[in-house]
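Colleague: Just one file: data33.cif, with mmCIF, C-alpha atoms and all ligand atoms.
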```cif
data_work
#
loop_
_atom_site.label_atom_id
_atom_site.label_comp_id
_atom_site.auth_asym_id
_atom_site.auth_seq_id
_atom_site.Cartn_x
_atom_site.Cartn_y
_atom_site.Cartn_z
CA MET A 252 -54.59 -38.32 -30.06
CA ASP A 253 -53.94 -39.24 -33.69
CA SER A 254 -51.09 -37.03 -34.87
CA SER A 255 -52.08 -37.35 -38.52
CA ILE A 256 -55.35 -35.46 -37.83
CA ILE A 257 -54.92 -31.68 -37.99
CA LYS A 258 -56.94 -30.04 -35.25
CA ILE A 259 -58.32 -26.66 -36.26
CA LEU A 260 -59.99 -24.05 -34.07
CA LEU A 261 -62.13 -21.78 -36.20
CA VAL A 262 -63.13 -18.46 -34.63
CA GLU A 263 -65.76 -16.93 -36.87
CA ASP A 264 -69.05 -15.24 -36.01
CA ASN A 265 -70.33 -15.34 -39.59
CA LEU A 266 -71.91 -18.77 -39.88
CA ALA A 267 -72.02 -18.72 -43.67
CA ASP A 268 -68.25 -18.06 -43.79
CA ALA A 269 -67.73 -20.80 -41.23
CA ASP A 270 -69.74 -23.31 -43.23
CA LEU A 271 -67.90 -22.39 -46.40
CA LEU A 272 -64.55 -22.97 -44.74
CA GLY A 273 -65.80 -26.35 -43.42
CA GLU A 274 -66.75 -27.32 -46.96
CA PHE A 275 -63.35 -26.30 -48.32
CA LEU A 276 -61.73 -28.52 -45.76
CA GLU A 277 -63.91 -31.46 -46.63
CA GLU A 278 -62.95 -30.99 -50.28
CA ALA A 279 -59.31 -31.52 -49.34
CA ASP A 280 -59.71 -35.24 -49.05
CA GLU A 281 -56.04 -36.28 -48.63
CA THR A 282 -55.88 -34.73 -45.17
CA GLN A 283 -57.87 -35.56 -42.06
CA TRP A 284 -59.24 -32.61 -40.16
CA SER A 285 -61.02 -32.07 -36.95
CA LEU A 286 -62.70 -28.67 -36.74
CA VAL A 287 -63.99 -26.93 -33.65
CA HIS A 288 -65.96 -23.80 -34.38
CA VAL A 289 -66.57 -20.94 -31.92
CA GLU A 290 -68.04 -17.51 -32.56
CA LYS A 291 -66.46 -15.30 -29.92
CA LEU A 292 -62.88 -14.67 -28.80
CA GLN A 293 -63.68 -15.41 -25.17
CA GLU A 294 -64.97 -18.87 -26.17
CA ALA A 295 -61.88 -19.40 -28.28
CA LEU A 296 -59.60 -18.61 -25.34
CA GLN A 297 -61.48 -20.97 -23.05
CA THR A 298 -61.30 -23.76 -25.66
CA LEU A 299 -57.59 -23.18 -26.12
CA ALA A 300 -57.07 -23.50 -22.38
CA LYS A 301 -58.79 -26.89 -22.36
CA ASP A 302 -57.70 -28.52 -25.60
CA HIS A 303 -54.74 -28.74 -27.93
CA PHE A 304 -54.95 -27.42 -31.50
CA ASP A 305 -52.59 -27.43 -34.44
CA VAL A 306 -53.81 -24.17 -35.95
CA ILE A 307 -56.34 -21.41 -35.38
CA LEU A 308 -58.32 -19.66 -38.09
CA LEU A 309 -59.15 -16.28 -36.64
CA ASP A 310 -61.63 -13.74 -37.91
CA LEU A 311 -60.56 -10.20 -37.03
CA SER A 312 -64.00 -8.76 -36.34
CA LEU A 313 -65.67 -10.76 -33.62
CA PRO A 314 -68.60 -9.66 -31.47
CA ASP A 315 -66.42 -9.37 -28.32
CA LYS A 316 -63.16 -8.14 -29.94
CA GLN A 317 -62.12 -6.47 -33.17
CA GLY A 318 -59.00 -5.83 -35.14
CA LEU A 319 -55.41 -6.48 -34.13
CA ALA A 320 -56.22 -6.87 -30.44
CA THR A 321 -57.82 -10.22 -31.42
CA VAL A 322 -54.48 -11.50 -32.71
CA ALA A 323 -52.53 -10.10 -29.77
CA GLN A 324 -54.77 -11.73 -27.17
CA THR A 325 -54.83 -15.10 -28.95
CA HIS A 326 -51.07 -15.08 -29.43
CA GLU A 327 -50.60 -14.27 -25.77
CA ALA A 328 -52.84 -17.18 -24.74
CA ALA A 329 -51.12 -19.70 -27.04
CA PRO A 330 -47.72 -18.39 -28.17
CA ASP A 331 -46.76 -21.50 -30.16
CA LEU A 332 -50.09 -21.94 -31.92
CA PRO A 333 -50.01 -20.86 -35.58
CA ILE A 334 -52.66 -18.22 -36.37
CA VAL A 335 -54.15 -17.74 -39.82
CA VAL A 336 -56.08 -14.49 -39.90
CA LEU A 337 -59.31 -14.19 -41.88
CA THR A 338 -59.86 -10.67 -43.23
CA GLY A 339 -62.18 -8.82 -45.49
CA LEU A 340 -61.11 -7.40 -48.86
CA ASN A 341 -60.31 -4.00 -47.41
CA ASP A 342 -58.34 -5.22 -44.43
CA ARG A 343 -54.99 -5.98 -46.11
CA VAL A 344 -53.10 -3.37 -44.11
CA ILE A 345 -54.45 -4.75 -40.86
CA ALA A 346 -53.68 -8.30 -42.05
CA LEU A 347 -50.06 -7.36 -42.67
CA GLU A 348 -49.83 -5.78 -39.23
CA ALA A 349 -51.32 -9.01 -37.80
CA LEU A 350 -48.39 -10.93 -39.32
CA ARG A 351 -46.02 -8.60 -37.50
CA GLN A 352 -47.87 -9.32 -34.26
CA GLY A 353 -47.41 -13.06 -34.48
CA ALA A 354 -49.92 -14.42 -37.02
CA GLN A 355 -48.48 -16.87 -39.55
CA ASP A 356 -50.61 -16.03 -42.53
CA TYR A 357 -53.81 -14.36 -43.64
CA LEU A 358 -56.63 -15.28 -46.00
CA VAL A 359 -58.94 -12.77 -47.67
CA LYS A 360 -62.55 -13.82 -47.38
CA GLY A 361 -64.18 -14.31 -50.75
CA LYS A 362 -60.80 -15.16 -52.30
CA ILE A 363 -60.36 -18.47 -50.49
CA ASP A 364 -60.60 -21.88 -52.14
CA SER A 365 -59.86 -25.33 -50.81
CA ASN A 366 -56.27 -25.46 -52.02
CA LEU A 367 -55.43 -22.04 -50.73
CA LEU A 368 -56.91 -22.82 -47.33
CA VAL A 369 -55.09 -26.14 -46.98
CA ARG A 370 -51.82 -24.64 -48.16
CA ALA A 371 -52.15 -21.70 -45.77
CA ILE A 372 -52.91 -24.07 -42.88
CA ARG A 373 -49.97 -26.38 -43.69
CA TYR A 374 -47.50 -23.56 -44.21
CA ALA A 375 -48.67 -21.87 -41.02
CA ILE A 376 -48.15 -25.07 -39.03
CA GLU A 377 -44.78 -25.66 -40.62
CA ARG A 378 -43.64 -22.07 -40.06
CA ALA A 379 -44.84 -22.19 -36.45
CA HIS A 380 -42.87 -25.43 -35.91
CA THR A 381 -39.79 -23.91 -37.45
CA LEU A 382 -40.21 -20.79 -35.35
CA LYS A 383 -40.70 -22.90 -32.23
CA ARG A 384 -37.53 -24.89 -32.95
CA LEU A 385 -35.72 -21.66 -33.67
CA ARG A 386 -36.90 -20.16 -30.43
CA GLN A 387 -35.96 -23.32 -28.54
CA SER A 388 -32.47 -23.33 -30.01
CA GLU A 389 -32.21 -19.60 -29.31
CA GLU A 390 -33.21 -20.27 -25.72
CA GLN A 391 -30.72 -23.11 -25.49
CA LEU A 392 -28.07 -20.87 -26.97
CA GLN A 393 -28.99 -18.19 -24.48
CA ARG A 394 -28.74 -20.72 -21.63
CA LEU A 395 -25.39 -21.96 -22.92
CA ASN A 396 -24.24 -18.39 -23.24
CA GLU A 397 -25.29 -17.62 -19.70
CA GLU A 398 -23.60 -20.76 -18.42
CA LEU A 399 -20.48 -19.80 -20.34
CA GLU A 400 -20.54 -16.30 -18.92
CA ARG A 401 -21.04 -17.70 -15.43
CA ARG A 402 -18.08 -20.05 -15.86
CA VAL A 403 -15.91 -17.31 -17.34
CA GLU A 404 -16.83 -15.08 -14.41
CA GLN A 405 -16.13 -17.87 -11.95
CA GLN A 406 -12.78 -18.65 -13.53
CA THR A 407 -11.90 -14.96 -13.75
CA GLU A 408 -12.68 -14.64 -10.05
CA GLU A 409 -10.60 -17.76 -9.27
CA LEU A 410 -7.74 -16.33 -11.33
CA ARG A 411 -8.07 -12.99 -9.59
CA GLN A 412 -7.92 -14.68 -6.20
CA LYS A 413 -4.89 -16.75 -7.27
CA ASN A 414 -3.27 -13.62 -8.61
CA LEU A 415 -3.89 -11.81 -5.34
CA SER A 416 -2.46 -14.61 -3.23
CA LEU A 417 0.48 -14.86 -5.62
CA GLN A 418 1.07 -11.13 -5.35
CA SER A 419 0.94 -11.20 -1.58
CA GLU A 420 3.29 -14.20 -1.61
CA ILE A 421 5.67 -12.29 -3.89
CA SER A 422 5.56 -9.16 -1.75
CA GLY A 423 6.04 -11.31 1.35
CA ARG A 424 9.10 -12.87 -0.22
CA GLN A 425 10.37 -9.49 -1.36
CA HIS A 426 9.92 -8.22 2.16
CA LEU A 427 11.80 -11.20 3.54
CA GLU A 428 14.54 -10.71 0.95
CA GLU A 429 14.82 -7.04 1.91
CA GLU A 430 15.03 -7.95 5.57
CA LEU A 431 17.66 -10.54 4.80
CA ARG A 432 19.64 -8.08 2.69
CA TYR A 433 19.36 -5.47 5.43
CA ALA A 434 20.49 -8.02 8.04
CA LEU A 435 23.46 -8.96 5.84
CA VAL A 436 24.44 -5.32 5.33
CA LYS A 437 24.10 -4.71 9.06
CA GLU A 438 26.19 -7.77 9.82
CA LYS A 439 28.86 -6.66 7.37
CA GLU A 440 28.87 -3.19 8.91
CA LEU A 441 29.15 -4.66 12.39
CA SER A 442 32.02 -6.91 11.43
CA GLU A 443 33.78 -3.94 9.74
CA LEU A 444 33.09 -1.94 12.86
CA LYS A 445 34.61 -4.64 15.05
CA SER A 446 37.80 -4.84 13.00
CA ASN A 447 37.97 -1.03 13.00
CA ILE A 448 37.50 -0.97 16.75
CA ILE A 449 40.26 -3.50 17.22
CA SER A 450 42.74 -1.58 15.09
CA VAL A 451 41.86 1.90 16.41
CA VAL A 452 41.61 0.83 20.02
CA SER A 453 44.86 -1.08 19.97
CA HIS A 454 46.52 1.96 18.41
CA GLU A 455 44.89 4.44 20.80
CA TYR A 456 45.68 2.26 23.80
CA ARG A 457 49.41 2.21 23.16
CA THR A 458 50.15 5.85 24.00
CA PRO A 459 48.38 6.05 27.39
CA LEU A 460 49.62 2.57 28.34
CA ALA A 461 53.19 3.57 27.45
CA THR A 462 52.75 6.75 29.53
CA ILE A 463 51.45 4.76 32.50
CA LEU A 464 54.31 2.28 32.18
CA SER A 465 57.06 4.86 31.88
CA SER A 466 55.69 7.13 34.63
CA SER A 467 55.21 4.22 37.03
CA GLU A 468 58.74 2.89 36.29
CA LEU A 469 60.24 6.32 36.82
CA LEU A 470 58.30 6.74 40.05
CA GLU A 471 59.47 3.32 41.22
CA HIS A 472 63.14 4.13 40.66
CA TYR A 473 63.46 7.86 41.21
CA SER A 474 60.59 8.99 43.40
CA GLN A 475 62.89 9.45 46.44
CA GLN A 476 65.19 11.78 44.57
CA TRP A 477 62.36 13.80 42.97
CA THR A 478 60.67 16.82 44.29
CA GLU A 479 57.06 16.56 45.42
CA GLU A 480 55.98 18.56 42.38
CA LYS A 481 57.70 16.21 39.91
CA ARG A 482 56.21 13.16 41.61
CA LYS A 483 52.75 14.75 41.37
CA ARG A 484 53.29 15.49 37.69
CA HIS A 485 53.92 11.80 36.97
CA PHE A 486 50.97 10.69 39.12
CA HIS A 487 48.76 13.10 37.16
CA ARG A 488 50.07 11.70 33.91
CA ILE A 489 49.09 8.20 35.03
CA GLN A 490 45.67 9.40 36.19
CA SER A 491 44.89 11.27 33.00
CA SER A 492 46.01 8.26 30.90
CA VAL A 493 43.70 6.01 32.90
CA HIS A 494 40.94 8.57 32.48
CA HIS A 495 41.58 8.64 28.74
CA LEU A 496 41.51 4.83 28.52
CA THR A 497 38.27 4.68 30.51
CA GLN A 498 36.72 7.25 28.21
CA LEU A 499 37.91 5.29 25.20
CA ILE A 500 36.37 2.05 26.47
CA SER A 501 33.06 3.68 27.33
CA ASP A 502 32.90 5.38 23.88
CA VAL A 503 33.54 2.07 22.11
CA LEU A 504 30.99 0.25 24.26
CA LEU A 505 28.40 2.95 23.72
CA PHE A 506 28.87 3.08 19.98
CA ASN A 507 28.83 -0.69 19.71
CA LYS A 508 25.58 -0.77 21.68
CA ALA A 509 24.04 1.87 19.41
CA GLU A 510 25.08 -0.04 16.29
CA ALA A 511 23.68 -3.30 17.60
CA GLY A 512 20.37 -1.50 18.28
CA LYS A 513 20.70 -2.12 22.01
CA LEU A 514 20.92 1.47 23.14
CA GLU A 515 17.91 2.50 25.21
CA PHE A 516 16.11 5.77 24.60
CA LYS A 517 14.25 7.02 27.67
CA PRO A 518 13.11 10.64 27.30
CA GLU A 519 11.91 12.21 30.53
CA PRO A 520 10.98 15.76 31.54
CA MET A 521 14.12 17.66 32.51
CA ASP A 522 15.42 21.13 33.25
CA VAL A 523 17.82 21.65 30.35
CA VAL A 524 19.30 24.94 31.61
CA ALA A 525 20.26 23.49 35.00
CA PHE A 526 21.59 20.39 33.28
CA CYS A 527 23.82 22.45 30.95
CA GLN A 528 25.08 24.61 33.81
CA GLU A 529 26.13 21.53 35.78
CA LEU A 530 27.77 19.98 32.74
CA VAL A 531 29.77 23.14 32.05
CA GLU A 532 30.85 23.35 35.70
CA GLU A 533 31.97 19.71 35.65
CA LEU A 534 33.97 20.22 32.47
CA GLN A 535 35.43 23.44 33.68
CA LEU A 536 36.69 21.70 36.85
CA THR A 537 38.48 18.96 34.91
CA LEU A 538 40.00 21.40 32.41
CA LYS A 539 43.71 21.92 32.74
CA THR A 540 43.82 24.26 29.78
CA GLN A 541 43.24 27.97 29.32
CA HIS A 542 39.70 27.53 28.02
CA CYS A 543 36.57 29.21 29.22
CA ILE A 544 33.12 27.88 28.44
CA SER A 545 30.53 30.64 28.34
CA LEU A 546 26.92 29.46 28.56
CA THR A 547 24.15 31.82 27.43
CA CYS A 548 20.45 31.07 27.32
CA PHE A 549 18.09 32.74 24.81
CA GLY A 550 14.29 32.60 24.75
CA SER A 551 12.03 31.53 27.59
CA ALA A 552 13.38 28.36 29.16
CA ARG A 553 10.87 25.52 29.42
CA GLU A 554 10.83 21.94 30.54
CA ALA A 555 11.91 19.53 27.80
CA CYS A 556 11.35 15.83 27.46
CA LEU A 557 14.79 14.46 26.55
CA ASP A 558 17.00 11.48 27.39
CA GLU A 559 19.46 12.87 29.94
CA LYS A 560 22.12 10.19 29.42
CA LEU A 561 22.17 10.64 25.67
CA LEU A 562 22.09 14.44 25.99
CA ARG A 563 25.15 14.23 28.27
CA GLN A 564 27.00 12.13 25.66
CA LEU A 565 25.98 14.53 22.92
CA LEU A 566 26.99 17.78 24.62
CA SER A 567 30.14 16.52 26.31
CA ASN A 568 31.43 15.18 23.00
CA LEU A 569 30.77 18.49 21.24
CA LEU A 570 32.25 20.53 24.10
CA SER A 571 35.31 18.30 24.49
CA ASN A 572 35.93 18.53 20.74
CA ALA A 573 35.65 22.32 20.92
CA ILE A 574 38.24 22.32 23.69
CA LYS A 575 40.52 19.69 22.15
CA TYR A 576 40.63 21.32 18.72
CA SER A 577 41.27 24.83 20.09
CA PRO A 578 44.90 24.36 21.16
CA ASP A 579 45.47 28.05 21.85
CA GLY A 580 42.73 28.14 24.49
CA GLY A 581 40.12 30.90 24.33
CA LYS A 582 36.44 31.14 24.73
CA ILE A 583 34.00 28.37 23.84
CA GLN A 584 30.60 29.93 23.32
CA PHE A 585 27.78 27.59 24.34
CA ASP A 586 24.34 28.98 23.44
CA LEU A 587 21.04 27.49 24.47
CA VAL A 588 18.17 28.82 22.35
CA TYR A 589 14.53 28.09 23.19
CA GLU A 590 12.10 28.14 20.28
CA THR A 591 8.37 27.29 20.21
CA GLU A 592 8.72 23.56 19.86
CA ALA A 593 12.45 22.96 19.96
CA VAL A 594 15.61 23.75 21.81
CA THR A 595 18.87 24.51 20.01
CA PHE A 596 22.37 23.90 21.40
CA ARG A 597 25.06 25.93 19.64
CA ILE A 598 28.72 25.28 20.46
CA GLN A 599 31.20 27.63 18.88
CA ASP A 600 34.98 27.50 19.14
CA ARG A 601 37.89 29.45 17.67
CA GLY A 602 40.01 26.41 16.97
CA ILE A 603 41.67 24.77 14.00
CA GLY A 604 38.46 24.43 11.96
CA ILE A 605 37.44 21.58 9.65
CA PRO A 606 38.44 21.44 5.95
CA LYS A 607 35.43 21.50 3.61
CA LYS A 608 36.27 18.14 2.04
CA ASP A 609 36.08 16.39 5.42
CA ARG A 610 32.74 17.81 6.56
CA GLU A 611 30.47 15.26 4.85
CA GLN A 612 32.11 12.23 6.42
CA LEU A 613 32.64 13.83 9.81
CA PHE A 614 29.82 11.88 11.47
CA GLU A 615 31.00 8.47 10.23
CA ALA A 616 32.57 6.23 12.84
CA PHE A 617 36.39 6.47 12.98
CA TYR A 618 36.52 9.33 10.50
CA ARG A 619 38.95 12.09 11.44
CA SER A 620 39.68 15.30 9.53
CA SER A 621 42.84 15.61 7.48
CA ASN A 622 44.11 18.41 9.78
CA VAL A 623 43.96 16.51 13.13
CA GLY A 624 47.75 16.20 13.24
CA THR A 625 48.77 14.81 16.63
CA PHE A 626 45.49 15.46 18.46
CA ALA A 627 44.54 12.15 20.09
CA GLY A 628 41.19 10.63 19.23
CA THR A 629 39.35 7.66 17.76
CA GLY A 630 36.82 9.43 15.54
CA LEU A 631 33.92 7.95 17.47
CA GLY A 632 32.68 11.07 19.29
CA LEU A 633 30.66 12.64 16.46
CA ALA A 634 29.26 9.25 15.38
CA ILE A 635 27.87 8.91 18.91
CA VAL A 636 26.56 12.50 18.77
CA LYS A 637 24.75 11.72 15.51
CA ARG A 638 23.05 8.62 17.01
CA CYS A 639 21.94 10.67 20.03
CA VAL A 640 20.45 13.35 17.75
CA GLU A 641 18.66 10.72 15.68
CA PHE A 642 17.12 9.14 18.77
CA HIS A 643 15.63 12.55 19.61
CA LYS A 644 14.43 13.10 16.03
CA GLY A 645 16.57 16.19 15.93
CA GLN A 646 18.96 17.85 13.48
CA ILE A 647 22.68 18.58 13.52
CA ALA A 648 24.59 21.06 11.38
CA VAL A 649 28.19 22.23 11.23
CA GLU A 650 29.75 25.47 10.01
CA SER A 651 33.49 25.81 10.01
CA GLU A 652 36.45 27.62 8.55
CA VAL A 653 39.99 26.34 8.79
CA GLY A 654 42.03 28.48 11.18
CA VAL A 655 38.97 30.46 12.30
CA GLY A 656 36.81 27.98 14.18
CA SER A 657 33.78 25.70 14.10
CA THR A 658 30.14 25.91 15.14
CA PHE A 659 28.08 22.79 15.80
CA THR A 660 24.31 23.38 16.00
CA VAL A 661 21.97 20.70 17.36
CA THR A 662 18.19 21.23 17.38
CA LEU A 663 16.02 18.83 19.37
CA PRO A 664 12.22 18.89 19.62
CA LEU A 665 11.14 19.83 23.16
CA ASN A 666 8.81 16.88 23.32
CA CYS A 667 10.31 14.11 21.24
CA THR A 668 7.99 11.45 22.74
CA ALA A 669 4.95 13.19 21.24
CA LEU A 670 6.77 13.50 17.92
CA GLN A 671 7.60 9.81 17.93
CA GLU A 672 3.97 8.88 18.55
CA ILE A 673 2.87 10.97 15.56
CA SER A 674 5.45 9.55 13.16
P1 LIG B 1 37.02 10.94 19.93
O1 LIG B 1 36.38 9.66 19.59
O2 LIG B 1 38.00 10.84 21.02
O3 LIG B 1 36.02 12.04 20.10
P2 LIG B 1 37.74 12.51 17.67
O4 LIG B 1 37.56 13.78 18.43
O5 LIG B 1 38.87 12.47 16.70
O6 LIG B 1 37.87 11.29 18.65
P3 LIG B 1 35.09 12.93 16.69
O7 LIG B 1 34.70 13.64 17.91
O8 LIG B 1 34.16 11.97 16.09
O9 LIG B 1 36.45 12.17 16.87
O10 LIG B 1 35.42 14.00 15.59
C1 LIG B 1 35.75 13.57 14.29
C2 LIG B 1 36.74 14.52 13.68
O11 LIG B 1 36.10 15.76 13.44
C3 LIG B 1 37.89 14.87 14.58
O12 LIG B 1 38.91 13.91 14.45
C4 LIG B 1 38.29 16.22 14.04
O13 LIG B 1 39.12 16.05 12.91
C5 LIG B 1 37.00 16.83 13.60
N1 LIG B 1 36.43 17.75 14.59
C6 LIG B 1 35.39 17.50 15.42
N2 LIG B 1 35.09 18.57 16.15
C7 LIG B 1 35.94 19.54 15.77
C8 LIG B 1 36.15 20.92 16.15
N3 LIG B 1 35.40 21.50 17.07
N4 LIG B 1 37.11 21.62 15.52
C9 LIG B 1 37.87 21.04 14.59
N5 LIG B 1 37.75 19.75 14.19
C10 LIG B 1 36.79 19.03 14.76
MG MG B 2 35.86 13.90 19.77
#
```
Now that the file is in, can you turn its structure into structure tokens?
Ligand code: ATP
Ligand code: MG

Modeller:
Amino acid sequence: MDSSIIKILLVEDNLADADLLGEFLEEADETQWSLVHVEKLQEALQTLAKDHFDVILLDLSLPDKQGLATVAQTHEAAPDLPIVVLTGLNDRVIALEALRQGAQDYLVKGKIDSNLLVRAIRYAIERAHTLKRLRQSEEQLQRLNEELERRVEQQTEELRQKNLSLQSEISGRQHLEEELRYALVKEKELSELKSNIISVVSHEYRTPLATILSSSELLEHYSQQWTEEKRKRHFHRIQSSVHHLTQLISDVLLFNKAEAGKLEFKPEPMDVVAFCQELVEELQLTLKTQHCISLTCFGSAREACLDEKLLRQLLSNLLSNAIKYSPDGGKIQFDLVYETEAVTFRIQDRGIGIPKKDREQLFEAFYRSSNVGTFAGTGLGLAIVKRCVEFHKGQIAVESEVGVGSTFTVTLPLNCTALQEIS
């Protein structure tokens, strides 16, 4: 196809108007035209489907379509094809609306001459080209924009992922750091504990060892001259010193085990009342002092799921403290109180009491109150009690008045296994 020839599709049912337009075109001799003339819109649409045109001259009142619908349908069939609308004198308003609907220009029949027609055709083609280029660059811009958005989204997602993995790495490291710090603290505590144990134990060992040594030497040299009663007294001294040393060693071992996290916790169903009765009887038998332990049970006794070994440690430490720190003898009240979901052990003495300032540190290992005087002890008993209470997820409280007495109250859940599973 020769690109210098302008191909025009004329849609006009008025043959006189069509001829006139053909003549105007012939008059414009500097341009080459090829004109295809049809009379109906349907024909025009079919022709457009088959052939290429540079411009369409479109009458608005055709036999098969009138008014603006003509423009709309043509524009839909060939969106890039410039449309010049042909209107009557009274159709200016419609012609202007046609421009809004996609026509490039309009010509008023009866007011057309050759120059006007050619100029309208050229301008329409030019405007349509410009519009097409504009639309193409808009589309390209749109594509670029979409591509850009896609890339931004992709990079944002990549960044988000990196950020997430970085965050989890950071929290992993923080966790590790915390564990390390905790391990260091624990190690420091354990090494402090060891040096404390060495100093306390070596100190606490001296007295009973000296007793054993002196009593055994005396027995060796003088037992023949002594009465049976005196000999027995020295044998008892040796026995009670050995007992004390054994107790000391087992306390240290137990506490060390608890600190190293190696103490086992095995709660099992048990009859707490019977257990306490036996414990009191045992203690009462070994007592050489004027103490009396009175056990009273409140509430309806039920089976409890507790660790018997730890409970023995707990209660015997509290009871032996009550005895030890009540030098004038007297009654130790041991109450067992059953509540709905817990059992409370209350041990009350009328001993020396604990000064207020010492009460907070009482459960720390090796801590002893300022008023202990010459009472023997390592300060490990209550630290062991505290660990035993913690294993059972229980509570311990102390009330005391110097010179009046002390009350230790321990509350343990009846079923600590179930509690542990919940927590
Ligand atoms: P041990 O390791 O032999 O038990 P301890 O009795 O000194 O030594 P804990 O049982 O831990 O150690 O008690 C810590 C301190 O608390 C005691 O030294 C004592 O000062 C004070 N204490 C504990 N129980 C009583 C009590 N019932 N009355 C008065 N003081 C008490
Ligand atoms: Mg004690």

Colleague: As a quick test: using all atoms listed in the file, which residues lie no more than 8 Å away from ligand MG 2 (chain B)? Give them as a list in words.

Modeller: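 Sorted by chain and then by number, the residues are Asn568, Leu569, Ser571, Asn572, Lys575, Gly628, Thr629, Gly630, Leu631, Gly632 and Leu633 of chain A.
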
Colleague: Between A:Arg343, A:Arg386, A:Lys517, A:His426, which is the closest to A:Lys360 once you count only C-alpha atoms?

Modeller: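 Looking only at the distances to A:Lys360, the closest residue turns out to be A:Arg343.
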
Colleague: With ligand LIG 1 (chain B) as the partner and 8 Å as the cut-off, tabulate the residues of chain A that qualify, each row holding the nearest pair of atoms and their distance in Å to one decimal, using only C-alpha atoms and all ligand atoms, sorted by chain and rising number, as a tab-separated table.

Modeller:
```
residue	atom	partner	partner_atom	distance
A:Leu499	CA	B:LIG1	O2	6.9
A:Asp502	CA	B:LIG1	O1	7.0
A:Asn568	CA	B:LIG1	O7	6.2
A:Leu569	CA	B:LIG1	N2	6.7
A:Leu570	CA	B:LIG1	N3	7.8
A:Ser571	CA	B:LIG1	O3	7.7
A:Asn572	CA	B:LIG1	N2	4.7
A:Ala573	CA	B:LIG1	N3	3.9
A:Ile574	CA	B:LIG1	N3	7.2
A:Lys575	CA	B:LIG1	N3	7.4
A:Tyr576	CA	B:LIG1	N4	4.8
A:Ser577	CA	B:LIG1	N4	7.0
A:Gln599	CA	B:LIG1	N3	7.6
A:Asp600	CA	B:LIG1	N3	6.4
A:Gly602	CA	B:LIG1	N4	5.8
A:Ile603	CA	B:LIG1	C9	5.4
A:Gly604	CA	B:LIG1	C9	4.3
A:Ile605	CA	B:LIG1	N5	4.9
A:Arg610	CA	B:LIG1	O11	7.9
A:Leu613	CA	B:LIG1	O11	5.4
A:Phe614	CA	B:LIG1	O8	6.3
A:Glu615	CA	B:LIG1	O8	7.5
A:Ala616	CA	B:LIG1	O8	6.8
A:Phe617	CA	B:LIG1	O8	6.7
A:Tyr618	CA	B:LIG1	C1	5.7
A:Arg619	CA	B:LIG1	O12	3.5
A:Ser620	CA	B:LIG1	O13	3.5
A:Ser621	CA	B:LIG1	O13	6.6
A:Asn622	CA	B:LIG1	O13	6.3
A:Val623	CA	B:LIG1	O13	4.9
A:Phe626	CA	B:LIG1	O5	7.5
A:Ala627	CA	B:LIG1	O5	6.6
A:Gly628	CA	B:LIG1	O6	3.4
A:Thr629	CA	B:LIG1	O6	4.0
A:Gly630	CA	B:LIG1	O9	3.1
A:Leu631	CA	B:LIG1	O1	3.7
A:Gly632	CA	B:LIG1	O7	3.5
A:Leu633	CA	B:LIG1	O8	3.6
A:Ala634	CA	B:LIG1	O8	5.6
A:Ile635	CA	B:LIG1	O8	7.5
A:Ser651	CA	B:LIG1	N4	7.8
A:Gly656	CA	B:LIG1	N4	6.5
A:Ser657	CA	B:LIG1	N3	5.4
A:Thr658	CA	B:LIG1	N3	7.1
A:Phe659	CA	B:LIG1	N3	7.5
```

Colleague: Expressed in Å to a single decimal, how great is the separation between atom CA of A:His303 and atom CA of A:Val335?

Modeller: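 That distance, rounded to one decimal, is 16.2 Å.
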
Colleague: Within 10 Å of (47.9, 7.0, 22.0) (file coordinates; all atoms listed in the file), which protein or nucleic acid residues are there? I'd like them as a ChimeraX atom specification.

Modeller: /A:451-462,492,495-496,625-629

Colleague: Choose the residue, out of A:Leu469, A:Asn396, A:Asn366, A:Arg424, that has the smallest atom-to-atom separation from A:Phe275; count all atoms listed in the file.

Modeller: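 Selected residue with least distance to A:Phe275: A:Asn366.
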
Colleague: Under the rule that all atoms listed in the file are counted, which of A:Val262, A:Ala320, A:Ala267, A:Val524 is the nearest residue to A:Gln297?

Modeller: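 Using all atoms listed in the file, A:Gln297 sits closest to A:Val262.
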
Colleague: Pick from A:Leu441, A:Gly512, A:Arg488, A:Lys413: nearest to A:Ile463, with all atoms listed in the file counted?

Modeller: A:Arg488

Colleague: Enter the distance from atom CA of A:Leu444 to atom CA of A:Ala511, in Å, rounded to one decimal.

Modeller: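 Separation between atom CA of A:Leu444 and atom CA of A:Ala511: 10.6 Å.
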
Colleague: Using Å and a single decimal, report how far atom CA of A:Asp522 sits from atom CA of A:Cys639.

Modeller: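 Interatomic distance here is 18.1 Å.
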
Colleague: Can you tell me, as an mmCIF file with C-alpha atoms, in the coordinates of the input, what residues are no more than 9 Å from A:Arg638 when counting only C-alpha atoms, ignoring any on the same chain fewer than 5 positions away?

Modeller:
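New file around_22.cif:
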```cif
data_model
loop_
_atom_site.group_PDB
_atom_site.id
_atom_site.type_symbol
_atom_site.label_atom_id
_atom_site.label_comp_id
_atom_site.auth_asym_id
_atom_site.auth_seq_id
_atom_site.Cartn_x
_atom_site.Cartn_y
_atom_site.Cartn_z
ATOM 1 C CA PHE A 506 28.870 3.080 19.980
ATOM 2 C CA ALA A 509 24.040 1.870 19.410
ATOM 3 C CA GLU A 510 25.080 -0.040 16.290
ATOM 4 C CA LEU A 561 22.170 10.640 25.670
ATOM 5 C CA LEU A 565 25.980 14.530 22.920
ATOM 6 C CA LEU A 633 30.660 12.640 16.460
ATOM 7 C CA HIS A 643 15.630 12.550 19.610
#
```
